[in-house]
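A quick write-up on the structure given underneath.
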Amino acid sequence: MDEYRLKGSFSMNCHTSLCLVLTMVQLWPCFLSTQTHAIQNTDQPFSAARRVKRGWVWNVFFVEEEMNLTEPVYVGQLKSDLDKEDSTFKYILTGEGAGSIFTINETTGVLHVIQKLDREKKALYTLRAQAINRNTQLPMEPESEFVIKVKDINDQRPQFLDGPYEATVPEMSPEGTSVIQVTATDRDDPYYGYNARLLYSIIQGQPYFSVEPKTGVIRISSETDRETQEKYFIIIQAKDMIGQMGGFSETATVTINLSDINDNAPKFQHTLYHMTVSEAAPLGTTIGKIMADDSDIGENAAMNYVIEGDASYVFDIITDNETQEGVVILKKKVDYETKRKYSIKAKVINRHTDERFLNEGPFEDSTLVRITVEDADEPPVFTSQEYVMEIAEGSESGSFVGAVNASDPDNTNSPIRYAIVHGMSLKRLFSINAQNGTIIITKPLDREITAWHNITVTATEARNPEQISEAPVYIHVLDVNDHAPEFPEYYETYVCENAEPGQLIQTISAVDKDDSVEGHHFYFSLQEETTNNSGFSVRDNQDNTAGILTVKNGFSKQEQLAFYLPILIADNGAPSLTSTNTLTVTVCDCDNEANALFCRYGAFMYAMGLSTEALVAVLACILILLVFVLAILALRQQRKKSLFSEKAEEFRENIVRYDDEGGGEEDTEAFDIAALRTRTVMREHKPRRNITTEIQSLYRQSLQVGPDSAVFREFISEKLKEANADPNGPPYDSLQTYAFEGTGSLAGSLSSLGSHVSDMGESYDRLSEWGPHFKQLAKLYCPHKTARD
């Protein structure tokens, strides 16, 4: 025992009677004393104690939570071996909850808990204890640390944190299929007792579902059918204390949806359907609808309708994907007079099948549909949907082309009337007999213009004109050999003067507008009368071409400039047609290798009938005329530049007429000369010399001298210089008139320039007496007189 005795240390005393009393408080274990009798009085093993370096021998205290405290509850006692119980030692407690939750007796070292503890909020408290001298406040022992753990009690209910739960599982799933796992939690201590050990059980949902007690996995325990019940509400209970009495429990609701599988076959609502259709109904007419039910949903309920037997050629059935109905339609025209009733077998088949249920039988159903044909007034029916006829081109007017035939399908057998429609141009070419449908031509046809004619013939019931039908007629114009072959183009053929015999100068071919069944074959030859005299020959290549060859040595351009060869071309038609085509061969100057150098130029000159000298003269005249025209244009351009050196301006002459009388020399607004000036040209204004006084002095002098006087000449010269230099004067050419009277005139001067001197004593009162025509003058010369009036 000496191993646990520490010199100078103190220990926590725990007597056997004290430990028994503290069983409710769960002081486990008490601190072990270093004294032998204290260790012997404890019921705990020695392994619960440990030795520290000059410290405390301590252990963990357990305090039960949720105690209803009416007074402090004893926890334990701390005591030093050096404590002589003489009140010298003072015990101090620090750490978590010290003073507020846990207290210590400073003299005895007894620990108490004074507040209610909750393990779920705090499960462990770490505290430190130290013994000091009460008088000196000096430590008697080093500070040591110990732990107080809160013992759990079952005070928390289980909780389903992830609820509410919802899952989906296919219907008809086998037993044991996992659906979903539910999990509950308990905040109690999972390591102490059974407070947090949960057990799951099912309260609602049997016998279709079960739950594993420990894991909470919900499984299928019985066969489920979505068509019987689509949704299940399961109640699961979680109970702690492994389900024992006195434990807490909680429930959760689990919604389980059954998804659909294709486990049901479609079934018709009726075993027999009756429908009617008119014989006049067009193709594609909806006759009726049939319906099959399928308890499945979605794509598992998708189905296809089909018709079995020979009736599928007359009727068809399609599936409406939105309503899942079978729509019976008319596939072929029906005839009341031929067949009045049809009986068809319709079948419905699931579009998607589940292999797991194929052994339970086919997922299809059948029904019978009876269709009655109703009589209707039908339009005439042609014996053929279309007619193809032939006639040779060039046939005479009135020639027979062919005949169409139509009849009334009804029992009334109404007479039929025929007519041609679609185009007046076709009516001018063809005619039809309204009674028997015979078609003839009204004028000869030309295959080379139109090889096919398409007309439309109508057949109308005579008793009911509303019943009408149409049929196309295609008329093929057969070819007749009525066109002779000819050159496909104009050939420009040249021969050199130094050409040798047997030289090929041109290859020719032919075309024929006719259409040959066996293919065209043309034969080329030269007219017999020109064979020996022309100097040329024709070689047939037997491939619808021919070569033009020379047969003599050399040609003379001066003797003959061109040769005209009549070429005979025959075809292989029956009868054969022949045409004569002229080939023009021009003689040309050539080099030593017989290459034509001036053939095209010579041919052109020959065609124009001009010689080389005449052509040169014509070109010279044209050149001279062109130079003359250019010279005239240049002179005109130079004249324009001299007249309008600054900028081109627009000139106009204005005639202004005034109906009122002038205001005399005081009227300065009668006419504005600025209106004649262009506004687009703003010239620089130059200062004008004020010559008013000069004009008066010169005028007085002019009254004393004659026209030849130097004063008069100076006056005119000044006026001329002023007019030329004035930028604001009348534009360009102007006529300025200056009146000058001689000194010998008895009438005196009529000018108003000096009237302010000569008319000083003149009276104009008599102007107001001369009538309304002089009223304006009277206002100007007698203002005082008119004012008084």
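Letters for chains follow the order of the structure tokens (A, B, ...), residue numbers begin at 1 for each chain, and ligand numbers begin at 1 in the order shown.
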
(message) Report as a PyMOL selection string all protein, DNA and RNA residues lying within 10 Å of Glu360 (chain A), evaluated on only C-alpha atoms, omitting residues in the same chain fewer than 4 positions from it.
(response) chain A and resi 263-265+355-356

(request) Determine which residues of region 261-440 of chain A DSSP labels as alpha helix (DSSP H) from the backbone of this structure, then write them out as a PyMOL selection string. (result) chain A and resi 424-429

Restricted to C-alpha atoms, what would the selected residues look like written as a CSV table (one decimal), in the first residue's frame?
```csv
chain,number,residue,atom,x,y,z
A,424,MET,CA,-60.3,28.3,-124.5
A,425,SER,CA,-57.2,27.5,-126.6
A,426,LEU,CA,-57.8,23.8,-126.1
A,427,LYS,CA,-61.5,24.2,-127.1
A,428,ARG,CA,-60.3,25.8,-130.4
A,429,LEU,CA,-58.2,22.7,-131.1
```

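Per DSSP on the backbone, strand (DSSP E) in region 137-180 of chain A comprises Ser144, Glu145, Phe146, Val147, Ile148, Lys149, Val150, Lys151, Tyr165, Glu166, Ala167, Thr168, Val169, Pro170, Ser178, Val179 and Ile180 of chain A.
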
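Between CA of Glu64 (chain A) and CA of Glu143 (chain A) the interatomic distance comes to 26.3 Å.
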
Any idea what's packed within 8 Å of region 552-564 of chain A, counting only C-alpha atoms, ignoring anything in its chain fewer than 5 positions away? Could you give it as a tab-separated table (two decimals) with N, CA and C atoms, in the first residue's frame?
```tsv
chain	number	residue	atom	x	y	z
A	496	CYS	N	-7.90	28.89	-149.15
A	496	CYS	CA	-6.72	29.68	-149.48
A	496	CYS	C	-6.45	29.60	-150.99
A	497	GLU	N	-5.86	30.66	-151.47
A	497	GLU	CA	-5.54	30.69	-152.90
A	497	GLU	C	-4.54	29.60	-153.26
A	498	ASN	N	-3.68	29.25	-152.34
A	498	ASN	CA	-2.67	28.23	-152.60
A	498	ASN	C	-3.07	26.86	-152.06
A	499	ALA	N	-4.39	26.63	-151.91
A	499	ALA	CA	-4.86	25.34	-151.40
A	499	ALA	C	-4.54	24.23	-152.38
A	500	GLU	N	-4.27	23.05	-151.84
A	500	GLU	CA	-3.94	21.89	-152.66
A	500	GLU	C	-5.15	20.99	-152.79
A	501	PRO	N	-5.20	20.13	-153.77
A	501	PRO	CA	-6.35	19.22	-153.93
A	501	PRO	C	-6.47	18.26	-152.72
A	502	GLY	N	-7.71	17.96	-152.37
A	502	GLY	CA	-7.98	17.03	-151.26
A	502	GLY	C	-7.89	17.66	-149.88
A	534	SER	N	-17.21	23.48	-159.72
A	534	SER	CA	-17.02	24.29	-158.51
A	534	SER	C	-15.62	24.20	-157.94
A	535	GLY	N	-14.93	23.09	-158.19
A	535	GLY	CA	-13.61	22.90	-157.59
A	535	GLY	C	-13.68	22.31	-156.19
A	536	PHE	N	-14.84	21.86	-155.76
A	536	PHE	CA	-15.02	21.29	-154.43
A	536	PHE	C	-15.81	20.00	-154.54
A	582	THR	N	-27.17	26.17	-149.12
A	582	THR	CA	-26.05	26.83	-149.80
A	582	THR	C	-24.93	27.07	-148.81
A	583	LEU	N	-23.73	26.64	-149.21
A	583	LEU	CA	-22.53	26.85	-148.42
A	583	LEU	C	-21.65	27.85	-149.15
A	584	THR	N	-21.35	28.97	-148.52
A	584	THR	CA	-20.53	30.02	-149.12
A	584	THR	C	-19.08	29.80	-148.73
A	585	VAL	N	-18.21	29.70	-149.77
A	585	VAL	CA	-16.77	29.49	-149.56
A	585	VAL	C	-16.06	30.73	-150.07
A	586	THR	N	-15.31	31.42	-149.21
A	586	THR	CA	-14.61	32.65	-149.55
A	586	THR	C	-13.14	32.36	-149.78
A	587	VAL	N	-12.59	32.94	-150.87
A	587	VAL	CA	-11.17	32.77	-151.20
A	587	VAL	C	-10.37	33.82	-150.43
A	588	CYS	N	-9.27	33.38	-149.82
A	588	CYS	CA	-8.49	34.26	-148.95
A	588	CYS	C	-7.03	34.24	-149.32
A	589	ASP	N	-6.34	35.38	-148.91
A	589	ASP	CA	-4.88	35.42	-148.98
A	589	ASP	C	-4.33	34.64	-147.80
A	606	TYR	N	-16.17	42.23	-149.01
A	606	TYR	CA	-16.93	41.73	-150.16
A	606	TYR	C	-18.42	41.86	-149.92
```

Long-range neighbours of region 173-187 of chain A as a JSON list (two decimals) with C-alpha atoms, in the first residue's frame, 7 Å cut-off, only C-alpha atoms, 5 positions minimum in chain:
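Result file follows (part07.json):
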```
[["chain", "number", "residue", "atom", "x", "y", "z"],
["A", 120, "GLU", "CA", -28.32, 16.95, -22.96],
["A", 156, "GLN", "CA", -35.86, 12.60, -24.03],
["A", 157, "ARG", "CA", -38.43, 11.36, -26.54],
["A", 158, "PRO", "CA", -37.45, 9.82, -29.87],
["A", 159, "GLN", "CA", -37.75, 12.13, -32.89],
["A", 160, "PHE", "CA", -38.17, 11.50, -36.64],
["A", 161, "LEU", "CA", -36.11, 14.33, -38.08],
["A", 167, "ALA", "CA", -42.01, 6.58, -51.17],
["A", 196, "ALA", "CA", -31.47, 5.76, -26.32],
["A", 216, "GLY", "CA", -36.67, 0.86, -39.46],
["A", 217, "VAL", "CA", -36.71, -0.56, -43.01],
["A", 218, "ILE", "CA", -40.26, -0.86, -44.35],
["A", 219, "ARG", "CA", -40.88, -3.87, -46.57],
["A", 220, "ILE", "CA", -43.79, -5.29, -48.54],
["A", 221, "SER", "CA", -45.41, -8.17, -46.71],
["A", 222, "SER", "CA", -48.35, -8.88, -49.01],
["A", 223, "GLU", "CA", -49.34, -8.45, -52.67],
["A", 238, "ALA", "CA", -40.21, 4.34, -32.50]]
```

(message) Please report the interatomic distance between CA of Leu368 (chain A) and CA of Leu272 (chain A) in Å with one decimal.
(response) 4.8 Å

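For the pair CA of His521 (chain A) and CA of Ala570 (chain A), the separation is 8.4 Å.
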
(message) Show me, as a PyMOL selection string, the residues that have an atom within 12 Å of Ile441 (chain A) when counting only C-alpha atoms, minus same-chain residues fewer than 2 positions from it.
(response) chain A and resi 390-402+426-433+438-439+443-446+453+475+477

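Closest approach to Leu358 (chain A) among A:Thr276, A:Pro190, A:Asn262, A:Thr450 is made by A:Asn262 (distances from only C-alpha atoms).
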
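Closest approach to Val314 (chain A) among A:Tyr125, A:Phe89, A:Tyr342, A:Phe382: A:Tyr342, based on only C-alpha atoms.
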
Would you mind listing what lies within 8 Å of Ile234 (chain A) as a PDB file with all heavy atoms, in the first residue's frame, with only C-alpha atoms counted and same-chain residues fewer than 6 positions away left out?
```
ATOM      1  N   ILE A 202     -44.864  -1.223 -36.470  1.00  0.00           N
ATOM      2  CA  ILE A 202     -45.866  -0.669 -37.376  1.00  0.00           C
ATOM      3  C   ILE A 202     -47.216  -0.685 -36.667  1.00  0.00           C
ATOM      4  O   ILE A 202     -47.647  -1.693 -36.119  1.00  0.00           O
ATOM      5  CB  ILE A 202     -45.912  -1.459 -38.708  1.00  0.00           C
ATOM      6  CG1 ILE A 202     -46.878  -0.784 -39.673  1.00  0.00           C
ATOM      7  CG2 ILE A 202     -46.228  -2.922 -38.488  1.00  0.00           C
ATOM      8  CD1 ILE A 202     -46.754  -1.324 -41.084  1.00  0.00           C
ATOM      9  N   ILE A 203     -47.841   0.466 -36.651  1.00  0.00           N
ATOM     10  CA  ILE A 203     -49.140   0.599 -36.003  1.00  0.00           C
ATOM     11  C   ILE A 203     -50.262   0.509 -37.025  1.00  0.00           C
ATOM     12  O   ILE A 203     -51.308  -0.093 -36.766  1.00  0.00           O
ATOM     13  CB  ILE A 203     -49.200   1.933 -35.225  1.00  0.00           C
ATOM     14  CG1 ILE A 203     -48.143   1.932 -34.117  1.00  0.00           C
ATOM     15  CG2 ILE A 203     -50.581   2.172 -34.647  1.00  0.00           C
ATOM     16  CD1 ILE A 203     -48.090   3.218 -33.324  1.00  0.00           C
ATOM     17  N   GLN A 204     -50.026   1.100 -38.240  1.00  0.00           N
ATOM     18  CA  GLN A 204     -51.043   1.079 -39.298  1.00  0.00           C
ATOM     19  C   GLN A 204     -50.357   0.751 -40.602  1.00  0.00           C
ATOM     20  O   GLN A 204     -49.323   1.313 -40.930  1.00  0.00           O
ATOM     21  CB  GLN A 204     -51.739   2.441 -39.381  1.00  0.00           C
ATOM     22  CG  GLN A 204     -52.785   2.538 -40.487  1.00  0.00           C
ATOM     23  CD  GLN A 204     -53.420   3.916 -40.532  1.00  0.00           C
ATOM     24  OE1 GLN A 204     -53.938   4.392 -39.531  1.00  0.00           O
ATOM     25  NE2 GLN A 204     -53.389   4.553 -41.693  1.00  0.00           N
ATOM     26  N   GLY A 205     -50.955  -0.144 -41.410  1.00  0.00           N
ATOM     27  CA  GLY A 205     -50.397  -0.532 -42.699  1.00  0.00           C
ATOM     28  C   GLY A 205     -50.304  -2.015 -42.901  1.00  0.00           C
ATOM     29  O   GLY A 205     -49.915  -2.481 -43.970  1.00  0.00           O
ATOM     30  N   THR A 253     -45.653   9.223 -40.036  1.00  0.00           N
ATOM     31  CA  THR A 253     -46.532   8.762 -41.115  1.00  0.00           C
ATOM     32  C   THR A 253     -45.720   8.642 -42.395  1.00  0.00           C
ATOM     33  O   THR A 253     -44.986   9.559 -42.784  1.00  0.00           O
ATOM     34  CB  THR A 253     -47.704   9.731 -41.326  1.00  0.00           C
ATOM     35  OG1 THR A 253     -48.442   9.825 -40.107  1.00  0.00           O
ATOM     36  CG2 THR A 253     -48.618   9.241 -42.432  1.00  0.00           C
ATOM     37  N   VAL A 254     -45.875   7.515 -43.050  1.00  0.00           N
ATOM     38  CA  VAL A 254     -45.181   7.239 -44.307  1.00  0.00           C
ATOM     39  C   VAL A 254     -46.234   7.042 -45.387  1.00  0.00           C
ATOM     40  O   VAL A 254     -47.108   6.175 -45.262  1.00  0.00           O
ATOM     41  CB  VAL A 254     -44.281   6.004 -44.206  1.00  0.00           C
ATOM     42  CG1 VAL A 254     -43.541   5.778 -45.511  1.00  0.00           C
ATOM     43  CG2 VAL A 254     -43.307   6.140 -43.049  1.00  0.00           C
ATOM     44  N   THR A 255     -46.172   7.871 -46.435  1.00  0.00           N
ATOM     45  CA  THR A 255     -47.086   7.754 -47.583  1.00  0.00           C
ATOM     46  C   THR A 255     -46.412   6.919 -48.654  1.00  0.00           C
ATOM     47  O   THR A 255     -45.347   7.282 -49.163  1.00  0.00           O
ATOM     48  CB  THR A 255     -47.446   9.138 -48.144  1.00  0.00           C
ATOM     49  OG1 THR A 255     -48.021   9.933 -47.109  1.00  0.00           O
ATOM     50  CG2 THR A 255     -48.449   9.015 -49.282  1.00  0.00           C
ATOM     51  N   ILE A 256     -47.043   5.812 -48.983  1.00  0.00           N
ATOM     52  CA  ILE A 256     -46.478   4.891 -49.981  1.00  0.00           C
ATOM     53  C   ILE A 256     -47.408   4.887 -51.191  1.00  0.00           C
ATOM     54  O   ILE A 256     -48.598   4.553 -51.076  1.00  0.00           O
ATOM     55  CB  ILE A 256     -46.324   3.472 -49.408  1.00  0.00           C
ATOM     56  CG1 ILE A 256     -45.371   3.500 -48.204  1.00  0.00           C
ATOM     57  CG2 ILE A 256     -45.804   2.531 -50.488  1.00  0.00           C
ATOM     58  CD1 ILE A 256     -45.201   2.157 -47.542  1.00  0.00           C
TER      59      ILE A 256
END
```
